[in-house]
Amino acid sequence: MEKTKPSLIEAKLVHKKQLTHDVIELHFESNPSFSFQPGQFYSVIVPGAGPGGRDLRRAYSIASGPENRLMELCVKVVEGGPGTQYLDSLKIGDTMKGMAPYGDFVYKTGSHKDVVFIATGTGIAPYRSMLYSKIYADNKARSVKLLFGARDQNDLLYVDELKPVLGENLILMLSRCNDEVPGCHKGRVTDWLRGNTVSIHWHETEFYLCGNGAMIDEVKQILAGHGVEKHNIHQEVYYKPKPGETHASQ
């Protein structure tokens with residue numbers, strides 16, 4: 001599929017929903033409407049937030065499928081984060097400007113391979129877009145697993161709607177897990193990969209990694225240890241931890 005050249009897109013907020021204590025979902029009507037591939041992102045123009053009052057740009061993966069009339073963003077609101085604070089301040093009817101579409105983290109797998117999607121936090125957003133897309137429906141992988149890592153059940157995103165789609169192949173890894181969450185496993189996504197080596201066809205699987213940079217680095221080390229070739233690994237880094245930090249808290 002040929003990529004669409006990015007252009008200036010104005011978007012009006014029509015719905016806002018609190019998903020967790022620090023994650024919001026925003027629905028926008030875009031003008032003009034635009035085409036994108038599942039997994040691509042919208043680059044928000046944050047007015048006057050840069051040095052000397054210049055505008056900033058911040059990237060957010062589109063969480064809705066390309067066929068959806070509305071563009072949906074899944075945003076973790078970070079204290080002091082100019083992009084997330086700006087988006088959180090928007091009221092219904094407000095408009096923002098941005099450039100779209102951008103990104104190479106798109107669904108590329110066909111029916112001849114397995115897929116393992118791995119996400120922490122709002123890194124689940126591009127996978128939601130992929131799973132709801134016609135591109136995915138027309139090119140379903142041989143099998144699909146989605147490993148989703150979070151701190152605890154209060155940080156889970158989209159589980160209720162993705163569980164009917166993926167069933168037992170939606171694997172929830174929580175740092176603090178309890179019996180109230182069906183299908184929950186205690187630990188990190190990397191713990192699951194190390195403990196379930198026989199359930200993965202390492203040389204016949206494409207791996208998609210999105211979220212915490214420390215998680216992505218650790219997963220890539222695991223994959224390299226199993227001989228997974230680089231062209232079978234696709235990544236989108238949301239956050240690079242500071243020196244000494246890990247992805248223990250997802």
# chains A, B, ... in the order shown; residues from 1 in each chain; ligands from 1

$ residues_around --residues "Met96 in chain A" --least-positions-apart "5" --cutoff "9 Å" --atoms "only C-alpha atoms" --output "number ranges by chain"
A: 9-13, 44-46, 87, 90

$ write_last_selection --atoms "C-alpha atoms" --output "PDB file, in the first residue's frame"
ATOM      1  CA  ILE A   9      -5.004  18.432   9.250  1.00  0.00           C
ATOM      2  CA  GLU A  10      -7.342  20.383  11.522  1.00  0.00           C
ATOM      3  CA  ALA A  11      -9.275  18.271  14.009  1.00  0.00           C
ATOM      4  CA  LYS A  12     -12.314  19.128  16.141  1.00  0.00           C
ATOM      5  CA  LEU A  13     -12.824  17.350  19.447  1.00  0.00           C
ATOM      6  CA  VAL A  44      -0.012  17.529  17.071  1.00  0.00           C
ATOM      7  CA  ILE A  45       1.040  21.169  16.793  1.00  0.00           C
ATOM      8  CA  VAL A  46       1.234  22.487  20.373  1.00  0.00           C
ATOM      9  CA  LEU A  87      -4.635  17.739  24.640  1.00  0.00           C
ATOM     10  CA  LEU A  90      -9.186  20.698  25.001  1.00  0.00           C
TER      11      LEU A  90
END

$ select_by_dssp --residues "range 13-132 of chain A" --states "strand (DSSP E or B)" --output "PDB file with N, CA and C atoms, in the first residue's frame"
ATOM      1  N   LEU A  13     -12.516  18.328  18.410  1.00  0.00           N
ATOM      2  CA  LEU A  13     -12.824  17.350  19.447  1.00  0.00           C
ATOM      3  C   LEU A  13     -14.333  17.185  19.594  1.00  0.00           C
ATOM      4  N   VAL A  14     -14.805  15.941  19.465  1.00  0.00           N
ATOM      5  CA  VAL A  14     -16.237  15.673  19.569  1.00  0.00           C
ATOM      6  C   VAL A  14     -16.579  14.760  20.744  1.00  0.00           C
ATOM      7  N   HIS A  15     -15.568  14.096  21.303  1.00  0.00           N
ATOM      8  CA  HIS A  15     -15.836  13.214  22.446  1.00  0.00           C
ATOM      9  C   HIS A  15     -14.553  13.035  23.232  1.00  0.00           C
ATOM     10  N   LYS A  16     -14.681  12.982  24.559  1.00  0.00           N
ATOM     11  CA  LYS A  16     -13.533  12.822  25.445  1.00  0.00           C
ATOM     12  C   LYS A  16     -13.906  11.844  26.541  1.00  0.00           C
ATOM     13  N   LYS A  17     -13.044  10.879  26.791  1.00  0.00           N
ATOM     14  CA  LYS A  17     -13.361   9.822  27.748  1.00  0.00           C
ATOM     15  C   LYS A  17     -12.141   9.540  28.626  1.00  0.00           C
ATOM     16  N   GLN A  18     -12.368   9.370  29.910  1.00  0.00           N
ATOM     17  CA  GLN A  18     -11.306   9.000  30.844  1.00  0.00           C
ATOM     18  C   GLN A  18     -11.220   7.477  30.876  1.00  0.00           C
ATOM     19  N   VAL A  23      -5.018   8.277  31.760  1.00  0.00           N
ATOM     20  CA  VAL A  23      -5.106   8.079  30.308  1.00  0.00           C
ATOM     21  C   VAL A  23      -6.480   8.517  29.814  1.00  0.00           C
ATOM     22  N   ILE A  24      -6.483   9.348  28.776  1.00  0.00           N
ATOM     23  CA  ILE A  24      -7.717   9.815  28.163  1.00  0.00           C
ATOM     24  C   ILE A  24      -7.800   9.331  26.724  1.00  0.00           C
ATOM     25  N   GLU A  25      -9.025   9.210  26.251  1.00  0.00           N
ATOM     26  CA  GLU A  25      -9.275   8.892  24.846  1.00  0.00           C
ATOM     27  C   GLU A  25     -10.012  10.070  24.226  1.00  0.00           C
ATOM     28  N   LEU A  26      -9.492  10.568  23.118  1.00  0.00           N
ATOM     29  CA  LEU A  26     -10.045  11.732  22.445  1.00  0.00           C
ATOM     30  C   LEU A  26     -10.490  11.343  21.038  1.00  0.00           C
ATOM     31  N   HIS A  27     -11.728  11.753  20.682  1.00  0.00           N
ATOM     32  CA  HIS A  27     -12.263  11.485  19.357  1.00  0.00           C
ATOM     33  C   HIS A  27     -12.358  12.801  18.594  1.00  0.00           C
ATOM     34  N   PHE A  28     -11.815  12.815  17.382  1.00  0.00           N
ATOM     35  CA  PHE A  28     -11.782  14.031  16.585  1.00  0.00           C
ATOM     36  C   PHE A  28     -12.409  13.831  15.220  1.00  0.00           C
ATOM     37  N   GLU A  29     -13.085  14.866  14.737  1.00  0.00           N
ATOM     38  CA  GLU A  29     -13.461  14.957  13.329  1.00  0.00           C
ATOM     39  C   GLU A  29     -12.351  15.719  12.624  1.00  0.00           C
ATOM     40  N   SER A  30     -11.787  15.137  11.574  1.00  0.00           N
ATOM     41  CA  SER A  30     -10.664  15.773  10.895  1.00  0.00           C
ATOM     42  C   SER A  30     -11.132  16.524   9.657  1.00  0.00           C
ATOM     43  N   ASN A  31     -10.454  17.618   9.382  1.00  0.00           N
ATOM     44  CA  ASN A  31     -10.772  18.452   8.227  1.00  0.00           C
ATOM     45  C   ASN A  31      -9.468  18.930   7.581  1.00  0.00           C
ATOM     46  N   PHE A  41       0.872   7.701  12.950  1.00  0.00           N
ATOM     47  CA  PHE A  41       0.558   8.661  13.992  1.00  0.00           C
ATOM     48  C   PHE A  41       0.225  10.045  13.444  1.00  0.00           C
ATOM     49  N   TYR A  42      -0.389  10.822  14.327  1.00  0.00           N
ATOM     50  CA  TYR A  42      -0.762  12.210  14.075  1.00  0.00           C
ATOM     51  C   TYR A  42       0.192  13.093  14.875  1.00  0.00           C
ATOM     52  N   SER A  43       0.801  14.077  14.221  1.00  0.00           N
ATOM     53  CA  SER A  43       1.757  14.969  14.869  1.00  0.00           C
ATOM     54  C   SER A  43       1.050  16.260  15.259  1.00  0.00           C
ATOM     55  N   VAL A  44       0.742  16.388  16.555  1.00  0.00           N
ATOM     56  CA  VAL A  44      -0.012  17.529  17.071  1.00  0.00           C
ATOM     57  C   VAL A  44       0.885  18.771  17.120  1.00  0.00           C
ATOM     58  N   ILE A  45       0.363  19.887  16.654  1.00  0.00           N
ATOM     59  CA  ILE A  45       1.040  21.169  16.793  1.00  0.00           C
ATOM     60  C   ILE A  45       0.590  21.783  18.119  1.00  0.00           C
ATOM     61  N   VAL A  46       1.533  21.920  19.057  1.00  0.00           N
ATOM     62  CA  VAL A  46       1.234  22.487  20.373  1.00  0.00           C
ATOM     63  C   VAL A  46       1.601  23.968  20.326  1.00  0.00           C
ATOM     64  N   LEU A  56       5.420  23.637  19.262  1.00  0.00           N
ATOM     65  CA  LEU A  56       6.048  22.328  19.388  1.00  0.00           C
ATOM     66  C   LEU A  56       5.252  21.311  18.584  1.00  0.00           C
ATOM     67  N   ARG A  57       5.886  20.193  18.285  1.00  0.00           N
ATOM     68  CA  ARG A  57       5.182  19.081  17.657  1.00  0.00           C
ATOM     69  C   ARG A  57       5.321  17.856  18.561  1.00  0.00           C
ATOM     70  N   ARG A  58       4.217  17.151  18.766  1.00  0.00           N
ATOM     71  CA  ARG A  58       4.232  15.931  19.544  1.00  0.00           C
ATOM     72  C   ARG A  58       3.435  14.854  18.804  1.00  0.00           C
ATOM     73  N   ALA A  59       3.991  13.637  18.781  1.00  0.00           N
ATOM     74  CA  ALA A  59       3.406  12.553  17.994  1.00  0.00           C
ATOM     75  C   ALA A  59       2.547  11.638  18.860  1.00  0.00           C
ATOM     76  N   TYR A  60       1.363  11.241  18.337  1.00  0.00           N
ATOM     77  CA  TYR A  60       0.458  10.327  19.037  1.00  0.00           C
ATOM     78  C   TYR A  60      -0.093   9.312  18.044  1.00  0.00           C
ATOM     79  N   SER A  61       0.092   8.039  18.368  1.00  0.00           N
ATOM     80  CA  SER A  61      -0.429   6.984  17.499  1.00  0.00           C
ATOM     81  C   SER A  61      -1.940   7.066  17.412  1.00  0.00           C
ATOM     82  N   ILE A  62      -2.461   6.809  16.232  1.00  0.00           N
ATOM     83  CA  ILE A  62      -3.908   6.797  16.032  1.00  0.00           C
ATOM     84  C   ILE A  62      -4.439   5.449  16.516  1.00  0.00           C
ATOM     85  N   MET A  71     -11.095  10.142  14.162  1.00  0.00           N
ATOM     86  CA  MET A  71      -9.729   9.823  14.555  1.00  0.00           C
ATOM     87  C   MET A  71      -9.669   9.773  16.077  1.00  0.00           C
ATOM     88  N   GLU A  72      -9.211   8.655  16.628  1.00  0.00           N
ATOM     89  CA  GLU A  72      -9.158   8.489  18.074  1.00  0.00           C
ATOM     90  C   GLU A  72      -7.705   8.438  18.537  1.00  0.00           C
ATOM     91  N   LEU A  73      -7.407   9.198  19.575  1.00  0.00           N
ATOM     92  CA  LEU A  73      -6.086   9.194  20.193  1.00  0.00           C
ATOM     93  C   LEU A  73      -6.199   8.699  21.625  1.00  0.00           C
ATOM     94  N   CYS A  74      -5.235   7.898  22.041  1.00  0.00           N
ATOM     95  CA  CYS A  74      -5.167   7.379  23.405  1.00  0.00           C
ATOM     96  C   CYS A  74      -3.937   8.014  24.043  1.00  0.00           C
ATOM     97  N   VAL A  75      -4.136   8.855  25.054  1.00  0.00           N
ATOM     98  CA  VAL A  75      -3.065   9.734  25.536  1.00  0.00           C
ATOM     99  C   VAL A  75      -2.877   9.583  27.042  1.00  0.00           C
ATOM    100  N   LYS A  76      -1.643   9.310  27.450  1.00  0.00           N
ATOM    101  CA  LYS A  76      -1.320   9.340  28.876  1.00  0.00           C
ATOM    102  C   LYS A  76      -0.966  10.777  29.247  1.00  0.00           C
ATOM    103  N   THR A  95     -10.730  22.977  18.479  1.00  0.00           N
ATOM    104  CA  THR A  95      -9.989  22.418  17.349  1.00  0.00           C
ATOM    105  C   THR A  95      -8.491  22.485  17.621  1.00  0.00           C
ATOM    106  N   MET A  96      -7.789  21.568  17.022  1.00  0.00           N
ATOM    107  CA  MET A  96      -6.330  21.576  17.061  1.00  0.00           C
ATOM    108  C   MET A  96      -5.821  21.385  15.643  1.00  0.00           C
ATOM    109  N   LYS A  97      -4.541  21.631  15.455  1.00  0.00           N
ATOM    110  CA  LYS A  97      -3.922  21.417  14.157  1.00  0.00           C
ATOM    111  C   LYS A  97      -2.762  20.451  14.301  1.00  0.00           C
ATOM    112  N   GLY A  98      -2.518  19.724  13.231  1.00  0.00           N
ATOM    113  CA  GLY A  98      -1.405  18.787  13.230  1.00  0.00           C
ATOM    114  C   GLY A  98      -1.096  18.344  11.821  1.00  0.00           C
ATOM    115  N   MET A  99      -0.072  17.529  11.697  1.00  0.00           N
ATOM    116  CA  MET A  99       0.340  16.964  10.413  1.00  0.00           C
ATOM    117  C   MET A  99       0.148  15.452  10.463  1.00  0.00           C
ATOM    118  N   ALA A 100      -0.352  14.896   9.374  1.00  0.00           N
ATOM    119  CA  ALA A 100      -0.581  13.452   9.320  1.00  0.00           C
ATOM    120  C   ALA A 100      -0.739  13.012   7.863  1.00  0.00           C
ATOM    121  N   PRO A 101      -0.509  11.725   7.610  1.00  0.00           N
ATOM    122  CA  PRO A 101      -0.034  10.709   8.559  1.00  0.00           C
ATOM    123  C   PRO A 101       1.486  10.565   8.506  1.00  0.00           C
ATOM    124  N   TYR A 102       2.043  10.071   9.607  1.00  0.00           N
ATOM    125  CA  TYR A 102       3.465   9.797   9.701  1.00  0.00           C
ATOM    126  C   TYR A 102       3.676   8.380  10.229  1.00  0.00           C
ATOM    127  N   ASP A 114       3.246 -16.005  11.824  1.00  0.00           N
ATOM    128  CA  ASP A 114       2.573 -15.652  13.065  1.00  0.00           C
ATOM    129  C   ASP A 114       2.935 -14.210  13.425  1.00  0.00           C
ATOM    130  N   VAL A 115       2.154 -13.627  14.333  1.00  0.00           N
ATOM    131  CA  VAL A 115       2.412 -12.280  14.817  1.00  0.00           C
ATOM    132  C   VAL A 115       2.361 -12.277  16.338  1.00  0.00           C
ATOM    133  N   VAL A 116       3.308 -11.578  16.951  1.00  0.00           N
ATOM    134  CA  VAL A 116       3.250 -11.283  18.376  1.00  0.00           C
ATOM    135  C   VAL A 116       3.336  -9.775  18.530  1.00  0.00           C
ATOM    136  N   PHE A 117       2.233  -9.173  18.992  1.00  0.00           N
ATOM    137  CA  PHE A 117       2.203  -7.755  19.318  1.00  0.00           C
ATOM    138  C   PHE A 117       2.600  -7.607  20.791  1.00  0.00           C
ATOM    139  N   ILE A 118       3.521  -6.700  21.093  1.00  0.00           N
ATOM    140  CA  ILE A 118       3.952  -6.493  22.471  1.00  0.00           C
ATOM    141  C   ILE A 118       3.828  -5.011  22.799  1.00  0.00           C
ATOM    142  N   ALA A 119       3.114  -4.698  23.888  1.00  0.00           N
ATOM    143  CA  ALA A 119       2.860  -3.297  24.234  1.00  0.00           C
ATOM    144  C   ALA A 119       2.974  -3.079  25.727  1.00  0.00           C
ATOM    145  N   THR A 120       3.403  -1.872  26.090  1.00  0.00           N
ATOM    146  CA  THR A 120       3.247  -1.384  27.456  1.00  0.00           C
ATOM    147  C   THR A 120       2.472  -0.078  27.392  1.00  0.00           C
TER     148      THR A 120
END

$ residues_around --residues "Lys230 in chain A" --least-positions-apart "2" --cutoff "12 Å" --atoms "only C-alpha atoms" --output "ChimeraX atom specification"
/A:203,205-208,220-221,223-228,232-235

$ write_last_selection --atoms "C-alpha atoms" --output "short mmCIF file (atom, residue, chain, number, x, y, z; two decimals), in the first residue's frame"
data_model
loop_
_atom_site.label_atom_id
_atom_site.label_comp_id
_atom_site.auth_asym_id
_atom_site.auth_seq_id
_atom_site.Cartn_x
_atom_site.Cartn_y
_atom_site.Cartn_z
CA HIS A 203 11.71 -18.07 12.93
CA THR A 205 6.93 -14.92 13.59
CA GLU A 206 6.97 -11.16 13.14
CA PHE A 207 7.25 -9.17 16.35
CA TYR A 208 5.79 -5.69 16.84
CA LYS A 220 15.10 -7.33 21.26
CA GLN A 221 17.84 -9.01 23.29
CA LEU A 223 14.62 -12.18 20.23
CA ALA A 224 18.27 -11.97 19.17
CA GLY A 225 19.01 -14.86 21.51
CA HIS A 226 16.46 -16.96 19.61
CA GLY A 227 17.90 -15.99 16.24
CA VAL A 228 15.02 -13.74 15.16
CA ASN A 232 11.00 -9.58 11.48
CA ILE A 233 11.11 -6.99 14.30
CA HIS A 234 9.12 -3.74 14.04
CA GLN A 235 9.30 -1.12 16.79
#

$ closest_residue --among "A:Ile92, A:Ala49, A:Leu193, A:Ile222" --to "Leu147 in chain A" --atoms "only C-alpha atoms"
A:Leu193

$ select_by_dssp --residues "range 120-195 of chain A" --states "alpha helix (DSSP H)" --output "ChimeraX atom specification"
/A:125-131,134-138,159-166,189-195

$ closest_residue --among "A:His185, A:Leu8, A:Thr20, A:Ile216" --to "Pro32 in chain A" --atoms "only C-alpha atoms"
A:Leu8
